[in-house]
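Asker: mmCIF, C-alpha atoms, file start09.cif:
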data_query
loop_
_atom_site.label_atom_id
_atom_site.label_comp_id
_atom_site.auth_asym_id
_atom_site.auth_seq_id
_atom_site.Cartn_x
_atom_site.Cartn_y
_atom_site.Cartn_z
CA MET A 1 -157.92 -133.40 35.44
CA SER A 2 -156.21 -136.33 33.74
CA GLY A 3 -157.82 -138.57 31.15
CA ALA A 4 -158.02 -141.36 33.68
CA ASP A 5 -160.17 -139.08 35.90
CA ARG A 6 -162.60 -138.18 33.10
CA ASN A 7 -164.99 -141.11 33.32
CA VAL A 8 -167.66 -140.97 30.64
CA SER A 9 -170.63 -143.33 30.41
CA ARG A 10 -171.59 -145.09 27.19
CA GLU A 11 -174.90 -143.19 27.27
CA ARG A 12 -173.04 -139.85 27.29
CA VAL A 13 -170.88 -141.01 24.35
CA LEU A 14 -173.93 -141.96 22.30
CA ASP A 15 -175.60 -138.64 23.14
CA TYR A 16 -172.46 -136.85 21.96
CA ARG A 17 -172.32 -138.81 18.72
CA ALA A 18 -175.99 -138.20 17.94
CA ALA A 19 -175.35 -134.46 18.26
CA ALA A 20 -172.13 -134.62 16.22
CA HIS A 21 -174.02 -136.43 13.45
CA GLN A 22 -176.71 -133.72 13.50
CA LEU A 23 -179.46 -136.30 13.74
CA ASP A 24 -181.59 -133.46 15.09
CA ARG A 25 -181.71 -132.20 11.47
CA SER A 26 -180.06 -128.92 12.39
CA SER A 27 -178.31 -128.65 9.02
CA THR A 28 -179.13 -129.59 5.44
CA GLU A 29 -175.38 -130.07 4.88
CA PRO A 30 -174.36 -132.38 7.76
CA ALA A 31 -170.73 -132.06 8.76
CA VAL A 32 -170.35 -135.84 8.93
CA LEU A 33 -170.05 -135.79 5.13
CA GLU A 34 -166.39 -135.22 5.92
CA LEU A 35 -166.41 -139.00 6.32
CA GLY A 36 -168.96 -139.53 3.56
CA ALA A 37 -172.03 -141.77 3.67
CA GLN A 38 -171.51 -145.42 2.75
CA ASP A 39 -173.86 -146.70 0.06
CA THR A 40 -173.97 -150.38 0.97
CA PRO A 41 -176.51 -151.64 0.10
CA SER A 42 -177.22 -149.38 -2.84
CA GLY A 43 -179.50 -146.51 -1.88
CA SER A 44 -178.66 -146.56 1.82
CA ALA A 45 -176.57 -143.38 1.63
CA ARG A 46 -179.63 -141.40 0.52
CA LEU A 47 -181.57 -142.79 3.48
CA ALA A 48 -178.74 -141.79 5.83
CA LEU A 49 -178.90 -138.24 4.54
CA ALA A 50 -182.70 -138.17 4.73
CA ALA A 51 -182.47 -139.23 8.38
CA ARG A 52 -180.51 -135.99 8.89
CA GLY A 53 -182.89 -133.84 6.86
CA ALA A 54 -180.48 -133.62 3.91
CA SER A 55 -180.42 -134.83 0.31
CA ALA A 56 -177.81 -136.37 -1.98
CA ASP A 57 -178.03 -133.52 -4.48
CA GLY A 58 -174.59 -132.39 -5.61
CA LEU A 59 -172.78 -135.36 -4.04
CA GLU A 60 -170.55 -137.83 -5.87
CA LEU A 61 -170.55 -141.61 -5.42
CA VAL A 62 -166.98 -142.91 -5.30
CA TRP A 63 -165.00 -145.80 -3.80
CA THR A 64 -163.21 -144.48 -0.73
CA PHE A 65 -162.78 -145.99 2.73
CA ARG A 66 -161.85 -149.68 2.46
CA GLY A 67 -162.84 -149.53 -1.21
CA ALA A 68 -166.53 -149.23 -0.29
CA PRO A 69 -168.87 -146.86 -2.21
CA HIS A 70 -169.52 -143.58 -0.37
CA LEU A 71 -171.29 -140.35 -1.21
CA HIS A 72 -168.93 -137.37 -0.82
CA ARG A 73 -168.89 -133.67 -1.54
CA ARG A 74 -167.28 -133.17 -4.95
CA PRO A 75 -164.80 -130.46 -3.81
CA ASP A 76 -163.46 -132.83 -1.11
CA LEU A 77 -162.32 -135.55 -3.53
CA PRO A 78 -158.82 -134.35 -4.53
CA ALA A 79 -157.71 -133.97 -0.90
CA LEU A 80 -159.44 -137.21 0.06
CA ALA A 81 -157.58 -139.08 -2.67
CA THR A 82 -154.28 -137.87 -1.23
CA ALA A 83 -155.28 -138.59 2.36
CA LEU A 84 -156.28 -142.17 1.48
CA TRP A 85 -153.08 -142.83 -0.51
CA PRO A 86 -150.91 -145.40 1.33
CA LEU A 87 -148.14 -143.96 3.48
CA ASP A 88 -145.49 -146.37 2.20
CA ASP A 89 -144.97 -149.76 0.55
CA ALA A 90 -145.72 -151.68 3.73
CA ASP A 91 -148.99 -149.81 4.22
CA ALA A 92 -149.97 -150.39 0.58
CA THR A 93 -149.20 -154.09 0.81
CA ALA A 94 -151.24 -154.50 3.98
CA ARG A 95 -154.27 -152.84 2.39
CA ILE A 96 -154.41 -155.23 -0.59
CA SER A 97 -152.83 -158.43 0.73
CA THR A 98 -155.17 -161.29 -0.13
CA THR A 99 -154.63 -164.91 -1.06
CA VAL A 100 -155.43 -164.30 -4.73
CA ILE A 101 -152.62 -161.72 -5.21
CA LYS A 102 -150.28 -162.63 -2.39
CA GLU A 103 -147.19 -161.99 -4.52
CA GLY A 104 -148.62 -158.98 -6.35
CA ALA A 105 -149.42 -157.26 -3.06
CA LYS A 106 -145.67 -157.09 -2.41
CA LEU A 107 -145.45 -154.44 -5.14
CA GLY A 108 -146.78 -152.03 -2.53
CA LEU A 109 -147.25 -148.50 -3.81
CA GLU A 110 -146.49 -149.57 -7.37
CA ALA A 111 -149.65 -151.69 -7.32
CA PHE A 112 -151.70 -148.57 -6.54
CA ARG A 113 -149.85 -146.46 -9.11
CA ALA A 114 -150.27 -149.04 -11.86
CA THR A 115 -153.97 -149.62 -11.17
CA ALA A 116 -154.89 -145.95 -10.73
CA GLY A 117 -152.96 -145.11 -13.91
CA ALA A 118 -154.76 -147.85 -15.83
CA LEU A 119 -158.13 -146.59 -14.61
CA ARG A 120 -157.31 -143.08 -15.81
CA ALA A 121 -156.27 -144.41 -19.22
CA VAL A 122 -159.22 -146.77 -19.65
CA VAL A 123 -162.16 -144.79 -18.27
CA THR A 124 -162.63 -141.91 -20.69
CA GLY A 125 -166.43 -142.04 -20.60
CA PRO A 126 -169.22 -144.02 -18.93
CA MET A 127 -168.38 -147.73 -19.02
CA ALA A 128 -169.71 -150.90 -17.40
CA LYS A 129 -167.65 -151.96 -14.42
CA GLY A 130 -166.97 -155.39 -15.94
CA GLU A 131 -165.65 -153.84 -19.14
CA VAL A 132 -163.33 -151.57 -17.16
CA SER A 133 -162.13 -154.48 -15.03
CA ARG A 134 -161.16 -156.50 -18.12
CA ALA A 135 -159.24 -153.60 -19.63
CA VAL A 136 -157.46 -152.71 -16.40
CA SER A 137 -156.62 -156.38 -15.75
CA ALA A 138 -154.84 -156.51 -19.09
CA ALA A 139 -152.91 -153.30 -18.37
CA VAL A 140 -151.49 -153.98 -14.89
CA PRO A 141 -148.70 -156.39 -13.89
CA PRO A 142 -150.02 -160.00 -14.10
CA SER A 143 -149.24 -160.58 -10.42
CA LEU A 144 -152.06 -158.18 -9.55
CA THR A 145 -154.59 -160.45 -11.28
CA PHE A 146 -155.87 -163.96 -10.62
CA TRP A 147 -157.40 -166.71 -12.73
CA CYS A 148 -161.19 -166.93 -12.58
CA GLU A 149 -162.28 -170.43 -13.58
CA PRO A 150 -165.99 -169.61 -14.23
CA CYS A 151 -165.03 -166.68 -16.49
CA GLY A 152 -162.04 -168.37 -18.05
CA SER A 153 -159.97 -165.20 -17.71
CA ARG A 154 -157.77 -163.24 -15.34
CA HIS A 155 -159.24 -160.56 -13.06
CA ILE A 156 -157.60 -157.79 -11.09
CA SER A 157 -158.10 -158.08 -7.35
CA GLY A 158 -161.34 -156.35 -6.44
CA LEU A 159 -159.79 -155.06 -3.21
CA LEU A 160 -157.09 -153.24 -5.19
CA PHE A 161 -159.37 -152.24 -8.06
CA GLN A 162 -161.80 -150.39 -5.80
CA GLN A 163 -159.20 -148.81 -3.53
CA ALA A 164 -157.50 -147.40 -6.63
CA GLY A 165 -160.78 -145.88 -7.82
CA LEU A 166 -160.42 -142.52 -6.09
CA PRO A 167 -156.76 -141.91 -7.08
CA GLY A 168 -157.82 -143.16 -10.51
CA ALA A 169 -160.39 -140.32 -10.58
CA VAL A 170 -163.41 -142.47 -11.41
CA GLY A 171 -166.92 -142.08 -10.12
CA VAL A 172 -169.44 -144.89 -9.59
CA GLY A 173 -172.97 -145.02 -10.96
CA ARG A 174 -175.82 -147.32 -11.88
CA ARG A 175 -177.42 -147.78 -15.27
CA GLN A 176 -180.22 -150.29 -15.82
CA GLY A 177 -179.07 -152.35 -12.86
CA THR A 178 -175.40 -152.36 -13.93
CA THR A 179 -172.56 -150.64 -12.06
CA THR A 180 -170.88 -148.08 -14.29
CA LEU A 181 -167.67 -146.08 -13.94
CA SER A 182 -167.10 -142.59 -15.33
CA PRO A 183 -164.20 -140.11 -15.20
CA LEU A 184 -164.63 -137.47 -12.51
CA GLU A 185 -164.88 -133.97 -13.94
CA PRO A 186 -162.93 -131.84 -13.46
CA GLY A 187 -160.11 -134.27 -12.89
CA TYR A 188 -157.19 -133.99 -10.49
CA PRO A 189 -153.61 -135.30 -10.44
CA MET A 190 -152.88 -138.78 -9.15
CA PRO A 191 -151.38 -138.60 -5.66
CA THR A 192 -147.61 -138.94 -5.37
CA ALA A 193 -147.47 -139.19 -1.59
CA ALA A 194 -149.95 -139.44 1.28
CA ASP A 195 -150.96 -136.18 2.93
CA GLY A 196 -153.81 -135.53 5.34
CA THR A 197 -154.24 -139.07 6.69
CA GLY A 198 -154.01 -137.73 10.24
CA ALA A 199 -156.87 -135.34 9.48
CA LEU A 200 -159.05 -138.31 8.53
CA VAL A 201 -158.20 -139.99 11.82
CA ARG A 202 -159.13 -136.79 13.59
CA ALA A 203 -162.43 -136.62 11.71
CA TYR A 204 -163.23 -140.17 12.81
CA LEU A 205 -162.55 -139.19 16.42
CA ARG A 206 -164.75 -136.11 16.06
CA PHE A 207 -167.81 -137.96 14.79
CA LEU A 208 -167.32 -141.45 16.24
CA GLY A 209 -165.14 -140.75 19.24
CA PRO A 210 -164.03 -141.02 21.87
CA ALA A 211 -162.18 -143.91 20.23
CA THR A 212 -158.83 -145.68 19.96
CA PRO A 213 -156.18 -145.96 17.23
CA ALA A 214 -157.45 -149.48 16.51
CA ASP A 215 -161.01 -148.18 16.02
CA ALA A 216 -159.89 -145.47 13.59
CA ALA A 217 -157.65 -147.93 11.75
CA LYS A 218 -160.52 -150.35 11.13
CA PHE A 219 -162.66 -147.57 9.68
CA LEU A 220 -159.90 -146.32 7.37
CA GLY A 221 -158.85 -149.83 6.35
CA ILE A 222 -155.30 -149.51 7.66
CA LYS A 223 -153.20 -151.18 10.34
CA PRO A 224 -153.27 -149.73 13.89
CA ALA A 225 -149.54 -148.96 13.58
CA VAL A 226 -150.30 -146.67 10.63
CA ALA A 227 -153.03 -144.91 12.61
CA ARG A 228 -150.61 -144.40 15.48
CA ALA A 229 -148.00 -143.01 13.08
CA VAL A 230 -150.38 -140.22 12.05
CA TRP A 231 -152.16 -139.92 15.42
CA PRO A 232 -153.15 -136.26 15.98
CA GLY A 233 -151.53 -134.40 18.85
CA ASP A 234 -154.39 -132.12 19.90
CA LEU A 235 -156.57 -134.77 21.53
CA ALA A 236 -158.25 -135.18 24.91
CA GLU A 237 -158.16 -138.50 26.73
CA VAL A 238 -161.14 -139.91 28.59
CA THR A 239 -162.15 -143.23 30.08
CA VAL A 240 -165.24 -144.89 28.65
CA GLU A 241 -166.54 -147.91 30.53
CA GLY A 242 -163.05 -148.50 31.87
CA LYS A 243 -161.28 -148.13 28.50
CA ARG A 244 -159.00 -145.27 27.42
CA ALA A 245 -160.25 -143.34 24.40
CA TRP A 246 -159.61 -140.01 22.67
CA LEU A 247 -161.39 -137.23 20.79
CA PRO A 248 -160.36 -133.76 19.55
CA ALA A 249 -159.59 -131.52 22.54
CA GLU A 250 -162.01 -128.81 21.44
CA ARG A 251 -164.84 -131.38 21.48
CA LEU A 252 -164.31 -132.38 25.12
CA ASP A 253 -166.81 -129.88 26.54
CA ALA A 254 -169.41 -131.02 23.99
CA LEU A 255 -168.88 -134.60 25.14
CA LEU A 256 -169.05 -133.86 28.86
CA SER A 257 -172.19 -131.73 28.48
CA ALA A 258 -174.02 -133.92 25.94
CA GLU A 259 -177.68 -134.55 26.69
CA ARG A 260 -180.08 -137.23 25.50
CA PRO A 261 -181.80 -135.96 22.32
CA HIS A 262 -185.55 -136.29 21.84
CA LEU A 263 -185.71 -137.96 18.46
CA VAL A 264 -186.76 -141.08 16.63
CA ARG A 265 -184.87 -142.04 13.47
CA LEU A 266 -184.78 -144.97 11.05
CA LEU A 267 -181.11 -145.35 10.20
CA PRO A 268 -180.24 -147.50 7.16
CA PRO A 269 -177.63 -150.28 7.16
CA GLY A 270 -174.18 -148.71 6.97
CA ASP A 271 -175.35 -145.35 8.33
CA PRO A 272 -172.42 -143.16 9.49
CA PHE A 273 -173.68 -143.44 13.09
CA LEU A 274 -173.32 -147.22 12.84
CA GLN A 275 -169.79 -147.06 11.43
CA ALA A 276 -168.15 -146.83 14.87
CA ARG A 277 -165.87 -149.79 15.40
CA ASP A 278 -166.61 -150.05 19.14
CA ARG A 279 -169.81 -151.94 18.44
CA TRP A 280 -169.95 -153.22 22.01
CA LEU A 281 -170.61 -149.62 23.07
CA LEU A 282 -173.52 -149.09 20.72
CA ALA A 283 -175.07 -152.50 21.34
CA PRO A 284 -174.01 -153.96 24.71
CA GLU A 285 -176.26 -157.00 24.26
CA LYS A 286 -174.45 -159.47 22.03
CA SER A 287 -177.65 -160.62 20.34
CA HIS A 288 -178.42 -157.05 19.31
CA GLU A 289 -174.90 -156.56 17.97
CA LYS A 290 -175.14 -159.72 15.87
CA GLU A 291 -178.49 -158.64 14.44
CA ILE A 292 -177.49 -155.05 13.63
CA TRP A 293 -174.22 -155.93 11.90
CA ARG A 294 -175.17 -159.11 10.09
CA ALA A 295 -172.58 -160.07 7.48
CA ILE A 296 -175.28 -160.50 4.82
CA GLY A 297 -178.59 -158.67 4.68
CA ALA A 298 -178.10 -156.36 7.65
CA PRO A 299 -181.23 -154.48 8.72
CA GLY A 300 -181.64 -150.80 9.43
CA VAL A 301 -181.66 -149.56 13.03
CA LEU A 302 -184.42 -147.83 14.94
CA LEU A 303 -182.80 -145.08 17.00
CA VAL A 304 -184.75 -143.63 19.93
CA GLY A 305 -182.86 -140.77 21.52
CA SER A 306 -179.35 -142.02 20.88
CA GLU A 307 -180.01 -145.68 21.69
CA PRO A 308 -180.62 -148.50 19.20
CA ALA A 309 -184.16 -149.59 20.07
CA GLY A 310 -184.78 -152.15 17.34
CA THR A 311 -184.26 -153.00 13.68
CA TRP A 312 -186.27 -152.35 10.55
CA ARG A 313 -186.60 -153.60 7.00
CA ALA A 314 -188.34 -152.20 3.94
CA ARG A 315 -189.94 -153.86 0.92
CA ALA A 316 -191.14 -152.10 -2.21
CA ALA A 317 -194.76 -152.73 -3.16
CA GLY A 318 -195.33 -150.79 -6.36
CA ARG A 319 -195.30 -147.09 -5.47
CA ARG A 320 -195.55 -147.95 -1.77
CA VAL A 321 -192.90 -149.01 0.74
CA ASP A 322 -193.82 -151.52 3.43
CA LEU A 323 -191.70 -151.08 6.57
CA THR A 324 -191.50 -153.61 9.36
CA VAL A 325 -189.98 -152.46 12.66
CA THR A 326 -188.86 -155.08 15.17
CA PRO A 327 -188.25 -153.34 18.52
CA PHE A 328 -185.94 -154.70 21.18
CA ALA A 329 -188.53 -153.74 23.83
CA PRO A 330 -192.10 -152.36 23.81
CA LEU A 331 -192.34 -148.88 22.30
CA THR A 332 -194.13 -145.92 23.81
CA ALA A 333 -197.14 -144.40 22.11
CA ALA A 334 -195.08 -141.27 21.33
CA THR A 335 -192.39 -143.34 19.64
CA ARG A 336 -194.98 -145.17 17.55
CA ARG A 337 -196.44 -141.85 16.40
CA ALA A 338 -192.99 -140.55 15.49
CA LEU A 339 -192.34 -143.74 13.52
CA GLU A 340 -195.19 -142.87 11.14
CA THR A 341 -193.38 -139.66 10.20
CA GLU A 342 -190.05 -141.41 9.84
CA ALA A 343 -191.58 -144.11 7.66
CA ALA A 344 -192.81 -141.38 5.32
CA THR A 345 -189.27 -139.93 5.25
CA VAL A 346 -187.88 -143.32 4.20
CA ALA A 347 -190.52 -143.67 1.51
CA GLY A 348 -189.74 -140.23 0.11
CA ALA A 349 -186.00 -140.95 0.01
CA ARG A 350 -186.72 -144.17 -1.89
CA GLY A 351 -188.91 -142.35 -4.41
CA ALA A 352 -192.15 -143.96 -3.21
CA ASP A 353 -195.49 -142.23 -2.81
CA GLU A 354 -196.44 -143.67 0.56
CA ALA A 355 -195.32 -145.91 3.40
CA ARG A 356 -197.12 -148.66 5.26
CA LEU A 357 -195.71 -149.23 8.74
CA HIS A 358 -195.91 -152.45 10.73
CA VAL A 359 -194.45 -152.82 14.22
CA ALA A 360 -193.69 -156.46 14.96
#
Would you kindly transcribe this structure into structure tokens?

Answerer:
Amino acid sequence: MSGADRNVSRERVLDYRAAAHQLDRSSTEPAVLELGAQDTPSGSARLALAARGASADGLELVWTFRGAPHLHRRPDLPALATALWPLDDADATARISTTVIKEGAKLGLEAFRATAGALRAVVTGPMAKGEVSRAVSAAVPPSLTFWCEPCGSRHISGLLFQQAGLPGAVGVGRRQGTTTLSPLEPGYPMPTAADGTGALVRAYLRFLGPATPADAAKFLGIKPAVARAVWPGDLAEVTVEGKRAWLPAERLDALLSAERPHLVRLLPPGDPFLQARDRWLLAPEKSHEKEIWRAIGAPGVLLVGSEPAGTWRARAAGRRVDLTVTPFAPLTAATRRALETEAATVAGARGADEARLHVA
């Protein structure tokens, strides 16, 4: 059977992804940590793990994909740093090309080497992010910095600064409301060449596939041409809603036999399940897509089975968390009962004693 003959519905794809993400809480160490859990806004990664019955214990917060903060397993970091290293000068330039350092971006790989090296030299203990930024800005080529009128000083491009964090072997933390950077211990050598980028593409296809090179590229923060250059060979092709897409060949049977799970989950903004770049598949109604992935202040998502069934927001009230769920359609009595349990899970992950649930 050819890929064109394997027609898979969007419902089957979502069922497959829910199983791949172990949203049934079948493991306290979910395999999706291969891609990490994004922590934007701060604290959301812990909620993503709690939704899977796991905790953040033993995980490290670092800047990885697209320079965004993610929780990762500590032993994975050296290989991840190498896999996320740009393939060549053109790839490096594309990742950091912004108006503020248009000329500096042309340095390509040297921009990453200089910034990662400066981070290693500057961050020898816990330091405030702003303090590190000033020191690194003074150490790198001037073309990698820009003039900030309000501060009256030059700053390194934030896009470059954060993408160089992992090869610079620095971890991210919070202290009294301030972002801090600390050296990762034990350290590891700075990458000299990219290795394992194709494995990251394959991991994306495993957890968020079937998908395309463009989808994987957007997640990794690279150009589609780079994704195609490292495109894995052991993939199966299917057709999803009339579009060609791929996933690891050994996962094809799991996709074709996927069944709708019986679960209710409150996924935080940025949850790994919501990181798929084919947003039209997850939220076919445009109004739902716009609400789920708002540019500022995105809500969490109520997942019923494997379908987004609404959004939710939380507000701290002393030692209590008030949760408001806004469903896309009326909820069943069983779903409402399950929401009470999930609200308590969110409260526990946030360090609160209790939750108060309101369904709009």

Asker: Counting all atoms listed in the file, figure out which residue out of A:Ala116, A:Ala51, A:Ala121, A:Ala92 gets nearest to Leu302 (chain A).

Answerer: A:Ala51

Asker: Name the closest residue to Ala352 (chain A) among the candidates A:Asp322, A:Asp15, A:Glu29, A:Glu241; distances are taken between atoms, counting all atoms listed in the file.

Answerer: A:Asp322

Asker: I'd like the residues picked by the PyMOL selection byres ((chain A and resi 146) around 8) written out as a ChimeraX atom specification, using the chain letters and numbers from the file.

Answerer: /A:100-101,142-145,147-148,154-157

Asker: Save out the residues we just selected, C-alpha atoms, as a short mmCIF file (atom, residue, chain, number, x, y, z; two decimals), keeping the file's coordinate frame.

Answerer:
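The new file part.cif reads:
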data_model
loop_
_atom_site.label_atom_id
_atom_site.label_comp_id
_atom_site.auth_asym_id
_atom_site.auth_seq_id
_atom_site.Cartn_x
_atom_site.Cartn_y
_atom_site.Cartn_z
CA VAL A 100 -155.43 -164.30 -4.73
CA ILE A 101 -152.62 -161.72 -5.21
CA PRO A 142 -150.02 -160.00 -14.10
CA SER A 143 -149.24 -160.58 -10.42
CA LEU A 144 -152.06 -158.18 -9.55
CA THR A 145 -154.59 -160.45 -11.28
CA TRP A 147 -157.40 -166.71 -12.73
CA CYS A 148 -161.19 -166.93 -12.58
CA ARG A 154 -157.77 -163.24 -15.34
CA HIS A 155 -159.24 -160.56 -13.06
CA ILE A 156 -157.60 -157.79 -11.09
CA SER A 157 -158.10 -158.08 -7.35
#

Asker: Rounded to one decimal place, report the CA of Thr124 (chain A)-CA of Ala164 (chain A) distance in Å.

Answerer: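 It comes out at 15.9 Å.
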
Asker: Run the PyMOL selection byres ((chain A and resi 52-57) around 10) against the file shown and list the residues it catches, as a ChimeraX atom specification.

Answerer: /A:21-30,37,45-51,58-61,71-73,265,267,345,349

Asker: With distances taken over all atoms listed in the file, which residue among A:Tyr16, A:Tyr188, A:Phe161, A:Phe65 lies nearest Leu77 (chain A)?

Answerer: A:Tyr188

Asker: Which is closer to Arg313 (chain A) than all the others in A:Ser44, A:Leu119, A:Gly158, A:Met127, using all atoms listed in the file?

Answerer: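 Smallest separation from Arg313 (chain A) among the options: A:Ser44.
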
Asker: For Pro78 (chain A), which of A:Arg6, A:Val172, A:Val62, A:Pro189 is the closest residue, counting all atoms listed in the file?

Answerer: A:Pro189

Asker: Convert the output of the PyMOL selection byres ((chain A and resi 319) around 12) on the shown file into explicit residues, formatted as a PyMOL selection string.

Answerer: chain A and resi 315-318+320-322+347-348+350-356

Asker: Those same residues - C-alpha atoms - I'd like them written as a compact mmCIF listing (two decimals), in the frame of the given file.

Answerer:
# COMPACT_ATOMS: atom_id res chain seq x y z
CA ARG A 315 -189.94 -153.86 0.92
CA ALA A 316 -191.14 -152.10 -2.21
CA ALA A 317 -194.76 -152.73 -3.16
CA GLY A 318 -195.33 -150.79 -6.36
CA ARG A 320 -195.55 -147.95 -1.77
CA VAL A 321 -192.90 -149.01 0.74
CA ASP A 322 -193.82 -151.52 3.43
CA ALA A 347 -190.52 -143.67 1.51
CA GLY A 348 -189.74 -140.23 0.11
CA ARG A 350 -186.72 -144.17 -1.89
CA GLY A 351 -188.91 -142.35 -4.41
CA ALA A 352 -192.15 -143.96 -3.21
CA ASP A 353 -195.49 -142.23 -2.81
CA GLU A 354 -196.44 -143.67 0.56
CA ALA A 355 -195.32 -145.91 3.40
CA ARG A 356 -197.12 -148.66 5.26

Asker: Determine the nearest neighbour of Ala276 (chain A) from the options A:Asp215, A:Glu103, A:Glu342, A:Asp91, counting all atoms listed in the file.

Answerer: A:Asp215

Asker: Provide the CA of Arg17 (chain A) to CA of Arg279 (chain A) distance in Å, to one decimal place.

Answerer: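 Between these atoms lies a distance of 13.4 Å.
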
Asker: For the atom pair CA of Leu252 (chain A) and CA of Ala83 (chain A), what is the interatomic distance in Å to one decimal place?

Answerer: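 Computing it gives 25.3 Å between the two atoms.
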
Asker: List the neighbours of Leu235 (chain A) out to 10 Å using all atoms listed in the file; skip same-chain residues closer than 6 positions along the sequence, and give me the result as a PDB file with C-alpha atoms, in the frame of the given file.

Answerer:
ATOM      1  CA  ARG A 202    -159.130-136.790  13.590  1.00  0.00           C
ATOM      2  CA  LEU A 205    -162.550-139.190  16.420  1.00  0.00           C
ATOM      3  CA  ARG A 206    -164.750-136.110  16.060  1.00  0.00           C
ATOM      4  CA  PRO A 210    -164.030-141.020  21.870  1.00  0.00           C
ATOM      5  CA  ALA A 245    -160.250-143.340  24.400  1.00  0.00           C
ATOM      6  CA  TRP A 246    -159.610-140.010  22.670  1.00  0.00           C
ATOM      7  CA  LEU A 247    -161.390-137.230  20.790  1.00  0.00           C
ATOM      8  CA  PRO A 248    -160.360-133.760  19.550  1.00  0.00           C
ATOM      9  CA  ALA A 249    -159.590-131.520  22.540  1.00  0.00           C
ATOM     10  CA  GLU A 250    -162.010-128.810  21.440  1.00  0.00           C
ATOM     11  CA  ARG A 251    -164.840-131.380  21.480  1.00  0.00           C
ATOM     12  CA  LEU A 252    -164.310-132.380  25.120  1.00  0.00           C
TER      13      LEU A 252
END

Asker: With only C-alpha atoms as the counted atoms, please give the residues lying no more than 7 Å from Val8 (chain A), apart from itself and same-chain residues fewer than 2 positions off, as a list in words.

Answerer: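 So, after excluding close chain neighbours, the residues are Arg6, Arg10, Arg12, Val238, Thr239 and Val240 of chain A.
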
Asker: Kindly provide, as JSON, the centre and edge lengths (Å, one decimal) of an axis-aligned box around all atoms of region 131-140 of chain A given in the file, with 8 Å on each side.

Answerer:
{"center_x": -158.6, "center_y": -154.0, "center_z": -17.3, "size_x": 30.2, "size_y": 20.9, "size_z": 20.7}

Asker: Give me the residues near Ala283 (chain A) as a ChimeraX atom specification, where near means some atom within 12 Å (using only C-alpha atoms) and where sequence neighbours in that chain fewer than 2 positions away do not count.

Answerer: /A:10-11,14,274,276-281,285-293,301,303,306-311,328
